[in-house]
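Engineer: Structure supplied as coords_9.cif; contents: mmCIF, C-alpha atoms.
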```cif
data_run
loop_
_atom_site.label_atom_id
_atom_site.label_comp_id
_atom_site.auth_asym_id
_atom_site.auth_seq_id
_atom_site.Cartn_x
_atom_site.Cartn_y
_atom_site.Cartn_z
CA MET A 1 -27.81 -18.60 6.05
CA THR A 2 -24.75 -19.77 4.10
CA PHE A 3 -21.66 -17.63 3.85
CA MET A 4 -19.10 -17.69 1.10
CA PRO A 5 -15.65 -18.68 2.43
CA VAL A 6 -14.02 -15.27 2.31
CA ALA A 7 -11.40 -14.86 5.04
CA MET A 8 -12.29 -12.01 7.37
CA PRO A 9 -9.82 -11.80 10.24
CA VAL A 10 -10.72 -9.73 13.26
CA ASN A 11 -7.77 -9.04 15.54
CA TYR A 12 -7.98 -8.23 19.19
CA ASP A 13 -5.66 -6.19 21.38
CA ASN A 14 -4.41 -9.28 23.16
CA GLY A 15 -3.13 -10.74 19.89
CA ALA A 16 -5.98 -13.21 19.46
CA SER A 17 -7.58 -13.41 16.04
CA ILE A 18 -10.82 -14.87 14.77
CA THR A 19 -11.52 -15.39 11.08
CA TYR A 20 -15.07 -15.08 9.81
CA ALA A 21 -16.50 -15.63 6.39
CA GLN A 22 -17.69 -12.21 5.30
CA PRO A 23 -21.36 -12.03 4.44
CA ALA A 24 -23.05 -9.32 2.48
CA PRO A 25 -23.05 -5.93 4.20
CA GLN A 26 -25.48 -5.70 7.09
CA ALA A 27 -26.05 -9.46 7.13
CA ARG A 28 -27.40 -10.95 10.33
CA SER A 29 -27.22 -14.48 11.54
CA GLU A 30 -28.90 -16.32 14.36
CA TRP A 31 -27.36 -18.52 16.99
CA ASN A 32 -29.01 -21.81 17.93
CA ASP A 33 -30.82 -20.06 20.73
CA GLY A 34 -32.34 -17.59 18.28
CA ALA A 35 -30.26 -14.59 19.36
CA ALA A 36 -29.43 -12.27 16.50
CA PHE A 37 -25.80 -11.55 15.67
CA ASN A 38 -24.92 -8.59 13.50
CA PHE A 39 -21.73 -9.12 11.49
CA ALA A 40 -21.67 -5.43 10.62
CA ASN A 41 -20.68 -4.75 14.22
CA LEU A 42 -17.63 -6.97 13.83
CA PHE A 43 -16.52 -5.27 10.62
CA GLU A 44 -17.05 -1.87 12.19
CA ALA A 45 -14.91 -2.91 15.15
CA SER A 46 -12.19 -4.17 12.80
CA LEU A 47 -12.25 -0.95 10.80
CA ARG A 48 -11.99 1.15 13.96
CA GLN A 49 -9.15 -1.01 15.23
CA GLN A 50 -7.14 -0.72 12.00
CA LEU A 51 -7.64 3.04 11.95
CA THR A 52 -6.79 3.45 15.62
CA ALA A 53 -3.40 1.85 14.96
CA LEU A 54 -2.65 4.64 12.48
CA LYS A 55 -3.18 7.32 15.13
CA SER A 56 0.02 6.42 16.91
CA LEU A 57 2.32 6.24 13.88
CA PRO A 58 5.31 8.50 14.56
CA ALA A 59 6.77 10.81 11.90
CA GLY A 60 9.09 8.75 9.71
CA TRP A 61 7.07 5.56 10.21
CA ASP A 62 7.95 4.44 6.66
CA GLY A 63 11.70 4.69 7.25
CA GLU A 64 11.88 7.61 4.79
CA GLY A 65 10.39 10.63 6.54
CA ALA A 66 6.66 10.07 6.21
CA GLU A 67 4.40 12.43 8.11
CA SER A 68 2.21 11.30 10.98
CA ILE A 69 -1.47 10.89 10.17
CA SER A 70 -3.27 14.07 11.21
CA ALA A 71 -6.47 14.10 13.26
CA LEU A 72 -8.31 15.56 10.26
CA THR A 73 -7.31 12.80 7.84
CA TRP A 74 -8.00 10.19 10.50
CA LYS A 75 -11.50 11.49 11.21
CA ASN A 76 -12.33 11.71 7.50
CA ALA A 77 -11.16 8.12 6.99
CA GLN A 78 -13.22 6.87 9.90
CA ASP A 79 -16.37 8.68 8.80
CA ILE A 80 -16.03 7.47 5.21
CA GLY A 81 -15.01 3.96 6.21
CA LEU A 82 -18.09 3.53 8.39
CA ARG A 83 -20.27 4.89 5.61
CA LEU A 84 -18.74 2.50 3.08
CA LEU A 85 -19.28 -0.51 5.31
CA ALA A 86 -22.99 -0.12 4.73
CA ARG A 87 -22.38 -0.63 0.99
CA THR A 88 -19.40 -2.90 0.56
CA ARG A 89 -16.77 -5.02 2.25
CA LEU A 90 -14.15 -4.15 4.79
CA PRO A 91 -11.12 -2.70 2.95
CA GLU A 92 -7.42 -3.04 3.59
CA ILE A 93 -6.27 0.22 5.16
CA THR A 94 -2.90 1.79 4.34
CA PRO A 95 -1.38 5.04 5.57
CA ASN A 96 0.47 7.14 2.99
CA ALA A 97 3.61 9.22 3.45
CA GLY A 98 1.85 12.54 2.74
CA ASP A 99 -0.81 12.36 5.48
CA THR A 100 -3.52 10.52 3.56
CA ILE A 101 -5.09 7.09 4.03
CA THR A 102 -5.94 4.58 1.29
CA PHE A 103 -8.69 1.96 1.40
CA GLU A 104 -8.05 -1.01 -0.91
CA TRP A 105 -10.35 -3.77 -2.14
CA GLU A 106 -9.29 -6.67 -4.31
CA SER A 107 -11.21 -9.63 -5.68
CA GLU A 108 -10.96 -12.10 -8.53
CA THR A 109 -12.61 -9.52 -10.78
CA GLY A 110 -10.40 -6.49 -10.05
CA SER A 111 -9.22 -3.95 -7.53
CA ALA A 112 -10.19 -0.54 -6.20
CA LEU A 113 -8.33 2.14 -4.26
CA LEU A 114 -9.91 5.08 -2.46
CA GLU A 115 -7.53 7.69 -1.05
CA ILE A 116 -8.76 10.09 1.64
CA GLY A 117 -7.08 13.31 2.68
CA HIS A 118 -7.84 16.56 4.49
CA ALA A 119 -10.64 17.63 2.19
CA THR A 120 -10.58 15.45 -0.93
CA TYR A 121 -10.78 11.87 -2.17
CA SER A 122 -9.28 10.08 -5.18
CA PHE A 123 -10.60 6.83 -6.61
CA LEU A 124 -9.24 4.25 -9.04
CA MET A 125 -10.89 0.96 -9.94
CA LYS A 126 -9.75 -1.51 -12.59
CA THR A 127 -11.51 -4.72 -13.46
CA LYS A 128 -9.86 -7.68 -15.14
CA SER A 129 -12.24 -7.24 -18.05
CA GLY A 130 -10.40 -3.97 -18.74
CA LYS A 131 -12.83 -1.41 -17.37
CA ARG A 132 -11.13 1.53 -15.66
CA THR A 133 -13.03 3.98 -13.43
CA THR A 134 -11.52 7.08 -11.83
CA ASP A 135 -12.92 9.88 -9.72
CA MET A 136 -11.65 12.78 -7.61
CA GLY A 137 -13.49 15.36 -5.60
CA PRO A 138 -14.14 17.20 -2.37
CA LEU A 139 -15.32 15.30 0.70
CA ARG A 140 -18.49 17.32 0.87
CA ASN A 141 -21.07 14.98 -0.52
CA ASP A 142 -21.89 11.79 1.37
CA ALA A 143 -23.80 10.51 -1.65
CA ASP A 144 -20.60 10.45 -3.73
CA ILE A 145 -18.96 8.12 -1.24
CA GLU A 146 -22.02 5.92 -0.92
CA ASN A 147 -22.22 5.63 -4.70
CA LEU A 148 -18.57 4.58 -4.84
CA GLY A 149 -19.27 1.94 -2.21
CA SER A 150 -22.14 0.56 -4.25
CA LEU A 151 -19.99 0.62 -7.40
CA ILE A 152 -17.21 -1.31 -5.66
CA GLN A 153 -19.66 -3.88 -4.37
CA ARG A 154 -21.29 -4.36 -7.79
CA SER A 155 -18.02 -4.49 -9.70
CA LEU A 156 -15.77 -6.53 -7.44
CA PHE A 157 -17.93 -8.76 -5.25
CA MET B 1 33.01 -4.00 -8.06
CA ASP B 2 34.28 -0.49 -7.49
CA GLY B 3 33.80 3.07 -8.60
CA ASP B 4 33.81 1.93 -12.23
CA LEU B 5 30.07 1.53 -12.04
CA PRO B 6 28.77 3.43 -15.07
CA ILE B 7 26.18 6.14 -14.61
CA GLU B 8 24.07 4.60 -17.37
CA ILE B 9 21.68 1.87 -16.25
CA ALA B 10 21.18 -1.02 -18.65
CA PRO B 11 17.62 -2.17 -19.43
CA ASP B 12 18.23 -5.57 -17.84
CA GLU B 13 19.87 -4.23 -14.68
CA VAL B 14 18.19 -5.32 -11.44
CA ILE B 15 16.96 -2.43 -9.32
CA VAL B 16 16.16 -3.07 -5.66
CA ARG B 17 13.89 -1.13 -3.32
CA ALA B 18 14.03 -1.64 0.43
CA ILE B 19 10.64 -2.31 1.95
CA LYS B 20 10.71 -0.55 5.24
CA THR B 21 7.30 -0.91 6.81
CA PRO B 22 4.74 -3.72 7.04
CA TYR B 23 2.19 -1.18 5.83
CA HIS B 24 3.72 -1.52 2.35
CA TYR B 25 3.08 -5.26 2.08
CA ASP B 26 -0.24 -7.09 2.19
CA GLU B 27 0.54 -10.20 4.19
CA LYS B 28 -2.79 -11.85 3.42
CA LYS B 29 -2.63 -11.41 -0.35
CA LYS B 30 1.17 -11.68 -0.51
CA ARG B 31 1.59 -8.56 -2.60
CA LEU B 32 3.20 -5.15 -2.40
CA LYS B 33 0.93 -2.16 -1.99
CA PRO B 34 1.12 0.90 -4.26
CA SER B 35 2.32 2.95 -1.30
CA ALA B 36 5.64 1.06 -1.47
CA PHE B 37 6.46 3.15 -4.55
CA ARG B 38 4.75 6.37 -3.53
CA PRO B 39 7.20 9.26 -3.03
CA GLN B 40 7.09 11.67 -0.11
CA ALA B 41 4.80 14.67 -0.55
CA GLU B 42 5.91 17.00 -3.35
CA ARG B 43 8.61 14.61 -4.58
CA ASP B 44 8.50 12.51 -7.72
CA ASP B 45 11.20 9.99 -6.83
CA VAL B 46 11.86 7.04 -4.54
CA SER B 47 15.26 5.69 -3.55
CA VAL B 48 16.47 2.36 -4.94
CA MET B 49 19.75 0.44 -5.20
CA ARG B 50 21.67 -1.01 -8.13
CA LYS B 51 22.19 -4.68 -7.41
CA ARG B 52 24.90 -4.82 -10.08
CA HIS B 53 27.15 -2.86 -7.72
CA MET B 54 25.81 -3.68 -4.27
CA GLY B 55 24.93 -7.35 -4.60
CA ASN B 56 22.28 -9.10 -2.53
CA ASP B 57 24.17 -8.62 0.75
CA GLY B 58 24.93 -4.96 0.12
CA CYS B 59 21.32 -4.15 -0.72
CA LYS B 60 20.07 -5.84 2.44
CA ASP B 61 22.71 -4.32 4.72
CA LYS B 62 22.15 -0.81 3.36
CA ALA B 63 18.39 -1.24 3.80
CA VAL B 64 18.90 -2.18 7.44
CA GLU B 65 21.34 0.69 7.94
CA ILE B 66 18.74 3.16 6.70
CA ALA B 67 15.53 1.68 8.06
CA ALA B 68 16.76 -0.18 11.16
CA LYS B 69 13.93 -2.18 12.74
CA ALA B 70 11.37 -1.07 10.17
CA TYR B 71 13.03 -3.10 7.39
CA ILE B 72 11.08 -6.21 6.31
CA GLY B 73 12.35 -7.20 2.84
CA LEU B 74 13.45 -6.24 -0.66
CA ALA B 75 11.54 -5.64 -3.90
CA ALA B 76 13.17 -5.97 -7.32
CA LEU B 77 12.43 -4.80 -10.84
CA CYS B 78 14.49 -4.65 -14.02
CA ALA B 79 15.16 -1.15 -15.34
CA GLU B 80 13.10 -1.93 -18.45
CA GLU B 81 10.13 -2.91 -16.28
CA ILE B 82 10.30 0.52 -14.66
CA THR B 83 10.40 2.19 -18.07
CA ALA B 84 7.40 0.13 -19.15
CA VAL B 85 5.21 1.83 -16.55
CA LYS B 86 6.21 5.32 -17.67
CA ALA B 87 8.80 5.92 -14.97
CA ARG B 88 12.59 5.93 -15.28
CA VAL B 89 15.50 4.92 -13.11
CA VAL B 90 18.55 7.18 -12.85
CA ASP B 91 21.83 6.86 -11.00
CA SER B 92 21.96 9.28 -8.05
CA ARG B 93 25.16 8.45 -6.22
CA GLU B 94 26.17 12.11 -5.79
CA GLY B 95 26.17 12.97 -2.09
CA LEU B 96 24.70 9.59 -1.19
CA PHE B 97 26.47 6.30 -1.93
CA LEU B 98 27.72 4.38 -4.92
CA GLY B 99 24.91 2.14 -6.09
CA HIS B 100 22.15 4.56 -5.09
CA ALA B 101 19.57 5.43 -7.73
CA HIS B 102 16.12 6.97 -7.97
CA ILE B 103 12.96 5.85 -9.69
CA GLU B 104 11.63 9.12 -11.09
CA GLN B 105 7.97 9.30 -11.96
CA GLY B 106 7.83 12.69 -13.64
CA THR B 107 4.89 13.98 -11.63
CA PRO B 108 5.34 14.80 -7.94
CA ALA B 109 3.16 13.34 -5.23
CA PRO B 110 0.68 15.95 -3.99
CA LEU B 111 1.11 18.33 -1.08
CA SER B 112 0.61 17.02 2.41
CA GLY B 113 -3.02 16.09 3.05
CA GLN B 114 -3.99 16.24 -0.62
CA THR B 115 -5.00 13.11 -2.49
CA ALA B 116 -3.24 12.02 -5.66
CA ASP B 117 -4.44 12.05 -9.23
CA PRO B 118 -5.75 8.55 -10.08
CA ASP B 119 -3.29 8.35 -13.00
CA LEU B 120 -0.44 8.70 -10.53
CA ILE B 121 -1.96 6.14 -8.18
CA GLU B 122 -2.19 3.79 -11.15
CA ARG B 123 1.52 4.22 -11.86
CA TRP B 124 2.48 3.45 -8.25
CA LYS B 125 0.23 0.40 -8.38
CA ALA B 126 1.81 -0.76 -11.64
CA LEU B 127 5.27 -0.60 -10.06
CA ALA B 128 4.03 -2.53 -7.02
CA ASP B 129 2.29 -5.15 -9.17
CA THR B 130 5.38 -5.61 -11.35
CA ALA B 131 7.97 -5.79 -8.57
CA ARG B 132 9.04 -9.14 -7.13
CA TYR B 133 8.97 -9.10 -3.36
CA TYR B 134 11.44 -11.02 -1.21
CA GLN B 135 10.45 -11.22 2.43
CA ASP B 136 13.55 -11.31 4.62
CA GLY B 137 13.32 -14.32 6.91
CA GLU B 138 16.36 -13.12 8.86
CA PRO B 139 16.08 -9.33 8.97
CA ARG B 140 18.34 -8.96 12.02
CA THR B 141 21.17 -11.08 10.57
CA PRO B 142 23.75 -9.23 8.43
CA GLY B 143 23.80 -10.23 4.76
CA TRP B 144 21.09 -11.67 2.53
CA HIS B 145 20.15 -15.29 3.21
CA GLY B 146 17.25 -15.72 0.82
CA PRO B 147 17.09 -16.58 -2.89
CA ASP B 148 18.95 -14.51 -5.46
CA ILE B 149 17.26 -11.15 -5.99
CA ILE B 150 16.24 -11.00 -9.64
#
```
Could you rewrite the structure in this file as structure tokens?

Structural biologist:
Amino acid sequence: MTFMPVAMPVNYDNGASITYAQPAPQARSEWNDGAAFNFANLFEASLRQQLTALKSLPAGWDGEGAESISALTWKNAQDIGLRLLARTRLPEITPNAGDTITFEWESETGSALLEIGHATYSFLMKTKSGKRTTDMGPLRNDADIENLGSLIQRSLF
Amino acid sequence: MDGDLPIEIAPDEVIVRAIKTPYHYDEKKKRLKPSAFRPQAERDDVSVMRKRHMGNDGCKDKAVEIAAKAYIGLAALCAEEITAVKARVVDSREGLFLGHAHIEQGTPAPLSGQTADPDLIERWKALADTARYYQDGEPRTPGWHGPDII
């Protein structure tokens, strides 16, 4: 299979980094010996690694008095992140000062931000063609998140 | 420059925000993230500096004084660029330091653990997209050694 040249760095604890072209979600490849290789596992590992780093942020990590990321926000972000990986690409992950976490996607066609908190999410997507999509709601319905993942994939990639 | 700095901020005045964590800058895409302009929970303002009074060196040194090792660079906007995204910049030297100002966004960031209204997220993103970021190549050296902050 042929992959588009989209940089997909995966960083390891020892500082090493490997960059993969990111295939469509759930894509599999085969080595010369026929063994299957699931890229989704790599993206899942990268997501977990980025989120794990947020666990240890001390209060004031932003130099201005930000709160630490709570276990509740962290777990919500991990659950939603893993769910989204089945629908779209690995996001950039950013902690926010008020104990929330934002996932960000950007492509040549636009950008999307999904903020996750204790019990709610907020979503903003803007395409370069001018379309603006927003959403907010409780983190009760897995289908809402999966639909957002599909929307991001369709609109940006 | 001295205490003659007027309270009023001219539309073309350069306003500088210290970037104090790598989480506020996307190294791969070379752009600031919206969180760089997101206030603390329940506040509607973020601290900035008036370059007119502080100069490049003063802005950098104050940023290091406040953020210590977390400091990574400076972001700049003109006052009129801040106004264009429905925020405003006001002098707030009282009890702080001459040259200190706030970007006020009118609507406070939500309570801790609550997610923000998408309209507010859009405003933070607009500030981040508009600001010019200057990575500090010598963050541990006193004074600014990069290009003029404009």

Engineer: Check what the PyMOL selection byres ((chain B) within 8 of (chain A)) selects in the file above and give those residues as a ChimeraX atom specification.

Structural biologist: /B:20-21,23-24,35,38-41,66-67,70-71,110-118,121-122

Engineer: Store the residues picked out above, limited to C-alpha atoms, as a PDB file, in the coordinates of the input.

Structural biologist:
```
ATOM      1  CA  LYS B  20      10.710  -0.550   5.240  1.00  0.00           C
ATOM      2  CA  THR B  21       7.300  -0.910   6.810  1.00  0.00           C
ATOM      3  CA  TYR B  23       2.190  -1.180   5.830  1.00  0.00           C
ATOM      4  CA  HIS B  24       3.720  -1.520   2.350  1.00  0.00           C
ATOM      5  CA  SER B  35       2.320   2.950  -1.300  1.00  0.00           C
ATOM      6  CA  ARG B  38       4.750   6.370  -3.530  1.00  0.00           C
ATOM      7  CA  PRO B  39       7.200   9.260  -3.030  1.00  0.00           C
ATOM      8  CA  GLN B  40       7.090  11.670  -0.110  1.00  0.00           C
ATOM      9  CA  ALA B  41       4.800  14.670  -0.550  1.00  0.00           C
ATOM     10  CA  ILE B  66      18.740   3.160   6.700  1.00  0.00           C
ATOM     11  CA  ALA B  67      15.530   1.680   8.060  1.00  0.00           C
ATOM     12  CA  ALA B  70      11.370  -1.070  10.170  1.00  0.00           C
ATOM     13  CA  TYR B  71      13.030  -3.100   7.390  1.00  0.00           C
ATOM     14  CA  PRO B 110       0.680  15.950  -3.990  1.00  0.00           C
ATOM     15  CA  LEU B 111       1.110  18.330  -1.080  1.00  0.00           C
ATOM     16  CA  SER B 112       0.610  17.020   2.410  1.00  0.00           C
ATOM     17  CA  GLY B 113      -3.020  16.090   3.050  1.00  0.00           C
ATOM     18  CA  GLN B 114      -3.990  16.240  -0.620  1.00  0.00           C
ATOM     19  CA  THR B 115      -5.000  13.110  -2.490  1.00  0.00           C
ATOM     20  CA  ALA B 116      -3.240  12.020  -5.660  1.00  0.00           C
ATOM     21  CA  ASP B 117      -4.440  12.050  -9.230  1.00  0.00           C
ATOM     22  CA  PRO B 118      -5.750   8.550 -10.080  1.00  0.00           C
ATOM     23  CA  ILE B 121      -1.960   6.140  -8.180  1.00  0.00           C
ATOM     24  CA  GLU B 122      -2.190   3.790 -11.150  1.00  0.00           C
TER      25      GLU B 122
END
```

Engineer: Selected by the PyMOL selection byres ((chain B and resi 81-86) around 8) in the shown coordinates: which residues, as an MDAnalysis selection string?

Structural biologist: chainID B and resid 77:80 87:89 103 105 123 126:127 130

Engineer: Please list as a short mmCIF file (atom, residue, chain, number, x, y, z; two decimals) with C-alpha atoms, keeping the file's coordinate frame every residue within 10 Å of A:Ser150, counting all atoms listed in the file and excluding residues in the same chain fewer than 5 positions away.

Structural biologist:
```
data_model
loop_
_atom_site.label_atom_id
_atom_site.label_comp_id
_atom_site.auth_asym_id
_atom_site.auth_seq_id
_atom_site.Cartn_x
_atom_site.Cartn_y
_atom_site.Cartn_z
CA LEU A 84 -18.74 2.50 3.08
CA ALA A 86 -22.99 -0.12 4.73
CA ARG A 87 -22.38 -0.63 0.99
CA THR A 88 -19.40 -2.90 0.56
CA ILE A 145 -18.96 8.12 -1.24
CA SER A 155 -18.02 -4.49 -9.70
#
```

Engineer: Work out how far atom CA of B:Leu32 is from atom CA of A:Leu151, in Å to one decimal.

Structural biologist: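 Taking atom CA of A:Leu151 and atom CA of B:Leu32, their separation equals 24.4 Å.
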
Engineer: Report as a ChimeraX atom specification the residues that result from applying the PyMOL selection byres ((chain B and resi 56) around 8) to the structure here.

Structural biologist: /B:51,54-55,57-60,143-144,148-149

Engineer: Taking all atoms listed in the file into account, name the residue in B:Leu98, B:Ala18, B:Ala36, B:Val48 that is nearest to B:Ala68.

Structural biologist: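 Checking each candidate against B:Ala68, we get B:Ala18 as the closest.
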
Engineer: Using all atoms of stretch 36-48 of chain B that appear in the file, construct an axis-aligned enclosing box with 6 Å of padding on every side and provide its centre coordinates and edge lengths in Å, rounded to one decimal, as AutoDock Vina command-line options.

Structural biologist:
```
--center_x 10.6 --center_y 9.0 --center_z -3.9 --size_x 23.7 --size_y 27.9 --size_z 19.6
```

Engineer: Mind giving me the straight-line distance from atom CA of A:Leu54 to atom CA of A:Ile80 in Å, one decimal?

Structural biologist: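 Calculated distance between atom CA of A:Leu54 and atom CA of A:Ile80 is 15.5 Å.
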
Engineer: Could you tell me how far atom CA of B:Asp129 lies from atom CA of A:Gly110, in Å and to one decimal?

Structural biologist: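 Computing it gives 12.8 Å between the two atoms.
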
Engineer: Find the residues around B:Asp136 up to 8 Å (all atoms listed in the file counted), leave out those fewer than 3 positions away in its own chain, and share them as a list in words.

Structural biologist: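 These residues fall inside the cut-off: Ile72, Gly73, Leu74, Pro139, Trp144, His145 and Gly146 of chain B.
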
Engineer: In terms of the shortest atom-to-atom distance over only C-alpha atoms, which of B:Leu120, B:Ala128, B:Ala63, B:Ile15 is closest to B:Met49?

Structural biologist: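 Looking only at the distances to B:Met49, the closest residue turns out to be B:Ile15.
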